Every structure is written in structure tokens, then in C-alpha cells.
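Structure file query36.pdb (PDB, C-alpha atoms and all ligand atoms) follows.
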ATOM      1  CA  MET A  16       2.307 -10.338  16.752  1.00  0.00           C
ATOM      2  CA  LYS A  17       2.445  -8.552  13.393  1.00  0.00           C
ATOM      3  CA  ARG A  18       3.457  -4.865  13.610  1.00  0.00           C
ATOM      4  CA  VAL A  19       1.852  -2.470  11.126  1.00  0.00           C
ATOM      5  CA  LEU A  20       2.698   1.197  10.639  1.00  0.00           C
ATOM      6  CA  ILE A  21      -0.300   3.235   9.452  1.00  0.00           C
ATOM      7  CA  LEU A  22       0.688   6.481   7.741  1.00  0.00           C
ATOM      8  CA  ASN A  23      -1.593   9.344   6.775  1.00  0.00           C
ATOM      9  CA  GLY A  24      -0.366  12.188   4.617  1.00  0.00           C
ATOM     10  CA  PRO A  25      -1.273  15.826   4.013  1.00  0.00           C
ATOM     11  CA  ASN A  26      -4.684  17.186   4.990  1.00  0.00           C
ATOM     12  CA  LEU A  27      -5.883  13.979   6.630  1.00  0.00           C
ATOM     13  CA  ASN A  28      -5.690  15.813   9.967  1.00  0.00           C
ATOM     14  CA  MET A  29      -8.639  17.793   8.548  1.00  0.00           C
ATOM     15  CA  LEU A  30     -10.920  14.744   8.278  1.00  0.00           C
ATOM     16  CA  GLY A  31     -14.419  15.599   9.489  1.00  0.00           C
ATOM     17  CA  ILE A  32     -13.956  19.238   8.426  1.00  0.00           C
ATOM     18  CA  ARG A  33     -12.628  19.016   4.861  1.00  0.00           C
ATOM     19  CA  GLU A  34     -15.106  18.333   2.057  1.00  0.00           C
ATOM     20  CA  PRO A  35     -17.378  16.104   4.165  1.00  0.00           C
ATOM     21  CA  GLU A  36     -19.388  15.140   1.078  1.00  0.00           C
ATOM     22  CA  ILE A  37     -16.214  13.377  -0.153  1.00  0.00           C
ATOM     23  CA  TYR A  38     -14.369  12.346   3.018  1.00  0.00           C
ATOM     24  CA  GLY A  39     -17.249  12.023   5.482  1.00  0.00           C
ATOM     25  CA  ARG A  40     -17.810  13.569   8.891  1.00  0.00           C
ATOM     26  CA  GLU A  41     -15.580  11.299  10.956  1.00  0.00           C
ATOM     27  CA  THR A  42     -12.322  12.737  12.259  1.00  0.00           C
ATOM     28  CA  LEU A  43      -8.754  11.455  12.234  1.00  0.00           C
ATOM     29  CA  ALA A  44      -9.246  10.529  15.908  1.00  0.00           C
ATOM     30  CA  ASP A  45     -12.300   8.462  14.907  1.00  0.00           C
ATOM     31  CA  LEU A  46     -10.203   6.769  12.215  1.00  0.00           C
ATOM     32  CA  LYS A  47      -7.436   6.030  14.706  1.00  0.00           C
ATOM     33  CA  ALA A  48      -9.965   4.503  17.139  1.00  0.00           C
ATOM     34  CA  LEU A  49     -11.442   2.376  14.334  1.00  0.00           C
ATOM     35  CA  CYS A  50      -7.978   1.106  13.355  1.00  0.00           C
ATOM     36  CA  GLU A  51      -7.092   0.346  16.988  1.00  0.00           C
ATOM     37  CA  LYS A  52     -10.322  -1.629  17.487  1.00  0.00           C
ATOM     38  CA  SER A  53      -9.839  -3.575  14.268  1.00  0.00           C
ATOM     39  CA  ALA A  54      -6.143  -4.256  14.978  1.00  0.00           C
ATOM     40  CA  LYS A  55      -7.003  -5.604  18.423  1.00  0.00           C
ATOM     41  CA  GLU A  56      -9.543  -8.018  16.922  1.00  0.00           C
ATOM     42  CA  LEU A  57      -6.980  -9.134  14.331  1.00  0.00           C
ATOM     43  CA  ASP A  58      -4.164  -9.428  16.884  1.00  0.00           C
ATOM     44  CA  ILE A  59      -2.031  -6.797  15.117  1.00  0.00           C
ATOM     45  CA  ALA A  60       0.053  -4.096  16.830  1.00  0.00           C
ATOM     46  CA  ILE A  61      -0.324  -0.731  15.108  1.00  0.00           C
ATOM     47  CA  ASP A  62       1.317   2.662  15.202  1.00  0.00           C
ATOM     48  CA  PHE A  63      -1.001   5.290  13.658  1.00  0.00           C
ATOM     49  CA  ARG A  64       0.580   8.535  12.427  1.00  0.00           C
ATOM     50  CA  GLN A  65      -0.229  11.603  10.311  1.00  0.00           C
ATOM     51  CA  SER A  66       2.007  14.276   8.817  1.00  0.00           C
ATOM     52  CA  ASN A  67       1.545  17.110   6.353  1.00  0.00           C
ATOM     53  CA  HIS A  68       5.228  16.856   5.378  1.00  0.00           C
ATOM     54  CA  GLU A  69       6.624  14.615   2.653  1.00  0.00           C
ATOM     55  CA  GLY A  70      10.060  14.342   4.283  1.00  0.00           C
ATOM     56  CA  VAL A  71       8.562  13.282   7.613  1.00  0.00           C
ATOM     57  CA  LEU A  72       6.585  10.531   5.866  1.00  0.00           C
ATOM     58  CA  ILE A  73       9.777   9.391   4.107  1.00  0.00           C
ATOM     59  CA  ASP A  74      11.693   9.326   7.421  1.00  0.00           C
ATOM     60  CA  TRP A  75       8.900   7.229   8.964  1.00  0.00           C
ATOM     61  CA  ILE A  76       8.989   4.785   6.024  1.00  0.00           C
ATOM     62  CA  HIS A  77      12.773   4.397   6.497  1.00  0.00           C
ATOM     63  CA  GLU A  78      12.275   3.927  10.260  1.00  0.00           C
ATOM     64  CA  ALA A  79       9.806   1.105   9.541  1.00  0.00           C
ATOM     65  CA  ARG A  80      12.628  -1.117   8.272  1.00  0.00           C
ATOM     66  CA  GLY A  81      13.317  -3.595  11.067  1.00  0.00           C
ATOM     67  CA  ASN A  82      10.618  -2.106  13.311  1.00  0.00           C
ATOM     68  CA  PHE A  83       7.429  -3.003  11.410  1.00  0.00           C
ATOM     69  CA  ASP A  84       6.258  -5.911   9.253  1.00  0.00           C
ATOM     70  CA  ALA A  85       4.102  -3.874   6.868  1.00  0.00           C
ATOM     71  CA  ILE A  86       2.875  -0.359   6.119  1.00  0.00           C
ATOM     72  CA  ILE A  87      -0.597   0.970   5.343  1.00  0.00           C
ATOM     73  CA  ILE A  88      -0.533   4.399   3.739  1.00  0.00           C
ATOM     74  CA  ASN A  89      -2.956   7.046   2.626  1.00  0.00           C
ATOM     75  CA  ALA A  90      -0.496   9.568   1.228  1.00  0.00           C
ATOM     76  CA  GLY A  91      -3.220  12.118   0.441  1.00  0.00           C
ATOM     77  CA  GLY A  92      -2.290  14.332  -2.507  1.00  0.00           C
ATOM     78  CA  LEU A  93       1.319  13.032  -2.422  1.00  0.00           C
ATOM     79  CA  THR A  94      -0.112   9.812  -3.868  1.00  0.00           C
ATOM     80  CA  HIS A  95      -0.263  11.496  -7.248  1.00  0.00           C
ATOM     81  CA  THR A  96       3.039  13.378  -7.154  1.00  0.00           C
ATOM     82  CA  SER A  97       5.670  11.745  -4.977  1.00  0.00           C
ATOM     83  CA  ILE A  98       8.323   9.666  -6.703  1.00  0.00           C
ATOM     84  CA  SER A  99      10.328  10.091  -3.468  1.00  0.00           C
ATOM     85  CA  ILE A 100       7.730   8.237  -1.381  1.00  0.00           C
ATOM     86  CA  LEU A 101       7.653   5.480  -4.011  1.00  0.00           C
ATOM     87  CA  ASP A 102      11.472   5.288  -3.826  1.00  0.00           C
ATOM     88  CA  ALA A 103      11.305   5.069  -0.008  1.00  0.00           C
ATOM     89  CA  PHE A 104       8.950   2.090  -0.245  1.00  0.00           C
ATOM     90  CA  LYS A 105      11.263   0.428  -2.776  1.00  0.00           C
ATOM     91  CA  ALA A 106      14.209   1.083  -0.433  1.00  0.00           C
ATOM     92  CA  VAL A 107      12.670  -0.592   2.620  1.00  0.00           C
ATOM     93  CA  ALA A 108      10.993  -3.379   0.619  1.00  0.00           C
ATOM     94  CA  LEU A 109       8.192  -3.925   3.142  1.00  0.00           C
ATOM     95  CA  PRO A 110       4.662  -5.013   2.173  1.00  0.00           C
ATOM     96  CA  VAL A 111       2.576  -1.909   1.472  1.00  0.00           C
ATOM     97  CA  VAL A 112      -1.181  -1.465   1.276  1.00  0.00           C
ATOM     98  CA  GLU A 113      -2.457   1.796  -0.151  1.00  0.00           C
ATOM     99  CA  VAL A 114      -5.783   3.191   1.081  1.00  0.00           C
ATOM    100  CA  HIS A 115      -7.912   6.062  -0.165  1.00  0.00           C
ATOM    101  CA  ILE A 116     -11.154   7.094   1.452  1.00  0.00           C
ATOM    102  CA  SER A 117     -12.667   8.389  -1.781  1.00  0.00           C
ATOM    103  CA  ASP A 118     -13.050   6.615  -5.107  1.00  0.00           C
ATOM    104  CA  LEU A 119     -10.173   8.107  -7.082  1.00  0.00           C
ATOM    105  CA  LYS A 120     -11.393   6.795 -10.425  1.00  0.00           C
ATOM    106  CA  LYS A 121     -14.628   8.750 -10.073  1.00  0.00           C
ATOM    107  CA  ARG A 122     -12.819  12.027  -9.327  1.00  0.00           C
ATOM    108  CA  GLU A 123     -10.612  14.456 -11.302  1.00  0.00           C
ATOM    109  CA  SER A 124      -8.264  12.826 -13.809  1.00  0.00           C
ATOM    110  CA  PHE A 125      -5.191  14.063 -11.871  1.00  0.00           C
ATOM    111  CA  ARG A 126      -6.204  11.685  -9.058  1.00  0.00           C
ATOM    112  CA  HIS A 127      -6.345   8.630 -11.310  1.00  0.00           C
ATOM    113  CA  PHE A 128      -2.616   7.918 -11.243  1.00  0.00           C
ATOM    114  CA  SER A 129      -0.891   6.742  -8.065  1.00  0.00           C
ATOM    115  CA  TYR A 130       2.891   6.473  -7.641  1.00  0.00           C
ATOM    116  CA  ILE A 131       2.289   4.537  -4.413  1.00  0.00           C
ATOM    117  CA  ALA A 132       0.381   1.848  -6.340  1.00  0.00           C
ATOM    118  CA  GLN A 133       3.681   0.893  -8.024  1.00  0.00           C
ATOM    119  CA  ALA A 134       4.952  -0.358  -4.653  1.00  0.00           C
ATOM    120  CA  ALA A 135       1.677  -1.551  -3.106  1.00  0.00           C
ATOM    121  CA  GLU A 136       0.541  -5.153  -3.044  1.00  0.00           C
ATOM    122  CA  LEU A 137      -3.041  -3.919  -2.661  1.00  0.00           C
ATOM    123  CA  SER A 138      -4.779  -0.589  -3.371  1.00  0.00           C
ATOM    124  CA  ILE A 139      -8.130   0.108  -1.734  1.00  0.00           C
ATOM    125  CA  ALA A 140     -10.220   3.152  -2.685  1.00  0.00           C
ATOM    126  CA  GLY A 141     -13.773   4.334  -2.305  1.00  0.00           C
ATOM    127  CA  GLU A 142     -14.642   2.326   0.804  1.00  0.00           C
ATOM    128  CA  GLY A 143     -14.487   5.215   3.246  1.00  0.00           C
ATOM    129  CA  LEU A 144     -12.764   4.598   6.582  1.00  0.00           C
ATOM    130  CA  GLN A 145     -13.580   0.900   6.255  1.00  0.00           C
ATOM    131  CA  GLY A 146     -10.800   0.739   3.654  1.00  0.00           C
ATOM    132  CA  TYR A 147      -8.300   0.864   6.532  1.00  0.00           C
ATOM    133  CA  VAL A 148     -10.064  -2.078   8.231  1.00  0.00           C
ATOM    134  CA  LYS A 149      -9.916  -3.993   4.959  1.00  0.00           C
ATOM    135  CA  ALA A 150      -6.184  -3.215   4.668  1.00  0.00           C
ATOM    136  CA  LEU A 151      -5.550  -4.526   8.195  1.00  0.00           C
ATOM    137  CA  ALA A 152      -7.582  -7.696   7.470  1.00  0.00           C
ATOM    138  CA  HIS A 153      -5.535  -8.250   4.321  1.00  0.00           C
ATOM    139  CA  LEU A 154      -2.252  -7.934   6.220  1.00  0.00           C
ATOM    140  CA  ALA A 155      -3.507 -10.203   9.006  1.00  0.00           C
ATOM    141  CA  LYS A 156      -4.011 -12.962   6.406  1.00  0.00           C
ATOM    142  CA  ALA A 157      -0.699 -12.384   4.596  1.00  0.00           C
TER     143      ALA A 157
HETATM  144  C1  LIG B   1      -7.004  11.868   0.149  1.00  0.00           C
HETATM  145  C2  LIG B   1      -6.501  13.037  -0.309  1.00  0.00           C
HETATM  146  O1  LIG B   1      -6.066  13.971   0.534  1.00  0.00           O
HETATM  147  C3  LIG B   1      -6.484  13.370  -1.756  1.00  0.00           C
HETATM  148  O2  LIG B   1      -5.433  14.241  -2.096  1.00  0.00           O
HETATM  149  C4  LIG B   1      -6.424  12.114  -2.604  1.00  0.00           C
HETATM  150  C5  LIG B   1      -7.339  10.752  -0.749  1.00  0.00           C
HETATM  151  C6  LIG B   1      -7.535  11.156  -2.183  1.00  0.00           C
HETATM  152  C7  LIG B   1      -8.452   9.870  -0.186  1.00  0.00           C
HETATM  153  O3  LIG B   1      -9.422   9.582  -0.879  1.00  0.00           O
HETATM  154  O4  LIG B   1      -8.323   9.421   0.964  1.00  0.00           O
HETATM  155  O5  LIG B   1      -6.533  12.448  -3.958  1.00  0.00           O
END
Reformat the file's structure so that it appears as C-alpha cells.
Ligand code: DHK
Amino acid sequence: MKRVLILNGPNLNMLGIREPEIYGRETLADLKALCEKSAKELDIAIDFRQSNHEGVLIDWIHEARGNFDAIIINAGGLTHTSISILDAFKAVALPVVEVHISDLKKRESFRHFSYIAQAAELSIAGEGLQGYVKALAHLAKA
């Protein structure tokens, strides 16, 4: 069974509360339940995590080496700033799928560039929580 680590970065614990017109009204717990349901259907084992701390996310990416087959990440705002998260992905050399709930290209210009995209085999944005389901389906096929 394929093992996928799903990482969520800063402020994603505020899903359902933060800017619902952009991120929707569903919570992180709803997102976790959706991922668990989808993973079960796809016969994938997942570990779903969230942290507001860059270093914690980097430690989890390092830990994935040898323990997971792929990583799905929504790095939140760190997407647009973190060379260190990009370097961590390069270090572990695991397949990465990047997900964003909102459509970055339709938002402020500072959200248009993603460091994570440099390491990701697929970037999904603007599909709401279903983007995570799409990411899992992609990895199930890979
Ligand atoms: C989530 C965030 O927290 C923002 O900082 C990103 C992303 C967009 C999302 O769409 O899921 O810019």
C-alpha cells in the first residue's frame, strides 16, 4: 500500500474561519476526513498533519524519507517564500504534489510564484478541498 504524507502549513488550522469567501467554510477536520475517505477508496495510507512552523514542516519532510512514498503539501504562505522547504524536498527526493485551495493566479501578484512548484511533479490550485482528492488520485496512478 502506498504511503502518502499530507502536510499543511501556516494558517490552514484556521480553515472555516479565515476568509471563507476565499477558502470556504469547511474546517481542517473536514479536510482531513475528506482525505481519509478518498485515501481509503484509492487504497492509500495517509498521515495528515498541519503546522504553523517552517522548521517543523522541514523536519516532517526529512522524516518522510524511508517512511513515505510521496508527499502532498499545501505550504500556505511559505509557498511563496521558503527556499528552505524547496531544499528539503530536493534533499529527500520524493514525489511531491503541491495543492492550493484558492486560484493563486487570480490573486495578488506575490502569490503567483511558488518555490514548492520547483520540486513538485504536479501543482493543483483553485479546486478547493477537492484539489487534495485530485492529488491523491494522481499519486494512486503514479
Ligand atoms: C493558502 C495560504 O495560506 C496562502 O498563503 C496561499 C493557499 C494560498 C491556498 O490557496 O490554499 O497564498
So which residues get picked by the PyMOL selection byres (((not hetatm)) within 6 of (chain B and resi 1)) here, written as a compact mmCIF listing (two decimals) with C-alpha atoms, in the coordinates of the input?
# COMPACT_ATOMS: atom_id res chain seq x y z
CA ASN A 26 -4.68 17.19 4.99
CA GLY A 91 -3.22 12.12 0.44
CA GLY A 92 -2.29 14.33 -2.51
CA HIS A 115 -7.91 6.06 -0.16
CA ILE A 116 -11.15 7.09 1.45
CA SER A 117 -12.67 8.39 -1.78
CA ARG A 126 -6.20 11.68 -9.06
Using only C-alpha atoms: which of A:Lys55, A:His95, A:His127, A:His68 has the shortest distance to A:Leu27 | A:His68
Using only C-alpha atoms, determine which residues lie at most 12 Å from A:His153, disregarding the query and same-chain residues fewer than 2 positions distant; provide the list as a PyMOL selection string.
-> chain A and resi 19+53-54+57+59+85-87+110-114+136-139+146-151+155-157
How close does each residue of stretch 117-147 of chain A get to stretch 34-50 of chain A, giving the shortest atom pair and distance in Å to one decimal for every residue with an atom at most 10 Å away, counting only C-alpha atoms, sorted by chain and residue number, as CSV?
residue,atom,partner,partner_atom,distance
A:Ser117,CA,A:Ile37,CA,6.3
A:Asp118,CA,A:Ile37,CA,9.0
A:Arg122,CA,A:Ile37,CA,9.9
A:Gly141,CA,A:Ile37,CA,9.6
A:Gly143,CA,A:Tyr38,CA,7.1
A:Leu144,CA,A:Leu46,CA,6.6
A:Gln145,CA,A:Leu49,CA,8.5
A:Tyr147,CA,A:Cys50,CA,6.8
Residues within 9 Å of A:Gly24, all atoms listed in the file, excluding chain neighbours under 2 positions, as a ChimeraX atom specification = /A:22,26-28,64-69,72,88-94
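Pairwise distance (atom CA of A:Ala79, atom CA of A:Ala103) equals 10.4 Å.
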Between A:Gly70, A:Lys120, A:Ala134, A:Thr96, which has the minimum distance to A:Ala108 (counting all atoms listed in the file)?
-> A:Ala134
Padding 5 Å on each side, edges along x, y and z: where is the centre of the box around the listed atoms of stretch 77-94 of chain A, and how long are its edges in Å to one decimal? Output it as AutoDock Vina command-line options.
--center_x 5.0 --center_y 4.2 --center_z 4.7 --size_x 26.5 --size_y 30.2 --size_z 27.2
Apply the PyMOL selection byres (((chain A and resi 77) around 9) and not hetatm) to the structure shown and report the selected residues as a count of residues only.
-> 12
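The spacing separating atom CA of A:Asn23 from atom CA of A:Ile100 amounts to 12.4 Å.
Here the question is which of A:Tyr130, A:Gly31, A:Pro25, A:Ala140 gets nearest to A:Val71 using all atoms listed in the file, and that residue is A:Pro25.
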Could you jot down the atom CA of A:Asp58 to atom CA of A:Gly81 separation for me, Å, one decimal place?
-> 19.3 Å
Protein and nucleic acid residues near (-1.6, 2.8, 11.1) (cut-off 6 Å, all atoms listed in the file) as a PyMOL selection string = chain A and resi 20-22+61-63
Using all atoms listed in the file, the best pick from A:Ile131, A:Ala60, A:Leu119, A:Ile32 as closest to A:Ser99 would be A:Ile131
